[in-house]
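K.L.:
mmCIF, C-alpha atoms, saved as my_file.cif, coming up:
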```
data_input
#
loop_
_atom_site.label_atom_id
_atom_site.label_comp_id
_atom_site.auth_asym_id
_atom_site.auth_seq_id
_atom_site.Cartn_x
_atom_site.Cartn_y
_atom_site.Cartn_z
CA PRO E 1 145.18 49.46 174.33
CA LEU E 2 143.83 46.04 173.46
CA ARG E 3 144.39 44.66 176.97
CA ALA E 4 142.39 47.48 178.57
CA PHE E 5 139.45 46.96 176.20
CA PHE E 6 139.32 43.16 176.61
CA ARG E 7 139.84 42.87 180.36
CA HIS E 8 139.24 39.11 180.52
CA ALA E 9 141.25 38.23 177.42
CA ARG E 10 144.76 36.83 177.44
CA VAL E 11 146.97 38.46 174.83
CA VAL E 12 149.94 36.46 173.52
CA ARG E 13 152.39 37.93 171.03
CA GLY E 14 154.15 35.35 168.92
CA GLU E 15 154.11 33.31 165.73
CA PRO E 16 151.48 30.57 165.52
CA THR E 17 153.11 27.36 164.31
CA GLN E 18 150.17 24.94 164.56
CA ILE E 19 146.42 25.25 165.15
CA ASP E 20 144.30 22.27 166.18
CA ALA E 21 140.63 23.27 165.92
CA GLN E 22 139.40 19.87 167.18
CA SER E 23 141.15 20.21 170.54
CA ALA E 24 141.02 24.05 170.55
CA THR E 25 144.78 24.46 170.97
CA VAL E 26 147.39 26.56 169.24
CA ALA E 27 151.18 26.21 169.33
CA VAL E 28 152.88 29.61 169.49
CA ARG E 29 156.55 30.52 169.14
CA ILE E 30 157.04 33.49 171.45
CA PRO E 31 159.82 36.07 170.86
CA ASN E 32 162.38 34.28 173.08
CA GLY E 33 162.08 31.18 170.84
CA THR E 34 160.06 29.03 173.25
CA ILE E 35 157.07 27.18 171.79
CA SER E 36 153.99 27.07 174.02
CA VAL E 37 150.81 25.10 173.40
CA LEU E 38 147.80 27.13 174.54
CA SER E 39 144.14 26.19 174.78
CA TYR E 40 141.44 28.67 173.76
CA ASP E 41 137.72 29.35 173.82
CA HIS E 42 137.94 31.94 171.04
CA LEU E 43 141.01 32.49 168.89
CA VAL E 44 141.82 35.79 167.20
CA LEU E 45 144.85 36.00 164.91
CA ALA E 46 146.05 39.51 164.11
CA LEU E 47 148.63 40.30 161.45
CA GLY E 48 151.60 42.46 162.31
CA SER E 49 153.32 45.03 160.20
CA THR E 50 156.67 46.76 159.83
CA PRO E 51 156.62 50.52 160.41
CA ASN E 52 158.17 52.91 157.90
CA PHE E 53 159.64 56.04 159.46
CA PHE E 54 160.72 57.47 156.07
CA GLY E 55 164.28 58.04 157.31
CA ASN E 56 163.23 60.10 160.35
CA ARG E 57 165.61 58.73 163.03
CA ASN E 58 164.07 60.85 165.80
CA LEU E 59 160.61 59.43 165.16
CA GLU E 60 162.03 55.90 164.95
CA HIS E 61 163.90 56.35 168.25
CA HIS E 62 160.76 57.40 170.17
CA ALA E 63 158.28 54.96 168.61
CA PHE E 64 156.88 51.84 170.30
CA LYS E 65 158.57 48.64 169.22
#
```
Could you take the file, read its structure, and then write that structure out as structure tokens?
P.N.:
Amino acid sequence: PLRAFFRHARVVRGEPTQIDAQSATVAVRIPNGTISVLSYDHLVLALGSTPNFFGNRNLEHHAFK
């Protein structure tokens, strides 16, 4: 897992809405709808994806979401 590999990193899942490189801040809409402004030393943006289970309901039921 990402958190285990980067022990001193803070992982935030959400949608970035604004990035200010001058002040090193990013506004993030987290899944509950709240927007938080976070400061950073290093910023990594990772794209998400939508899984395709090819109609296999059993696989879909037991997969991470």
K.L.:
Determine, counting all atoms listed in the file, which protein, DNA and RNA residues have an atom within 9 Å of an atom of region 39-54 of chain E; residues of the same chain fewer than 5 positions away are not included. Present the result as a ChimeraX atom specification.
P.N.:
/E:16,23-27,59-60
K.L.:
Give me, as a list in words, all polymer residues having an atom no more than 12 Å from Thr34 (chain E), counting all atoms listed in the file and skipping those fewer than 3 positions away in the same chain.
P.N.:
Arg13, Gly14, Glu15, Pro16, Thr17, Ala27, Val28, Arg29, Ile30, Pro31 and Val37 of chain E
K.L.:
Work out how far CA of Asn32 (chain E) is from CA of His62 (chain E), in Å to one decimal.
P.N.:
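If I compute the distance from CA of His62 (chain E) to CA of Asn32 (chain E), I get 23.4 Å.
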K.L.:
What is the CA of Ile35 (chain E) to CA of Gln22 (chain E) distance in Å?
P.N.:
19.7 Å
K.L.:
Suppose you want the space between CA of Val12 (chain E) and CA of Phe64 (chain E); what is it in Å?
P.N.:
17.2 Å
K.L.:
Report the centre and edge lengths, in Å to one decimal, of an axis-aligned box enclosing every atom of region 8-11 of chain E listed in the file, padded by 8 Å on each side, as lines of an AutoDock Vina configuration file.
P.N.:
```
center_x = 143.1
center_y = 38.0
center_z = 177.7
size_x = 23.7
size_y = 18.3
size_z = 21.7
```
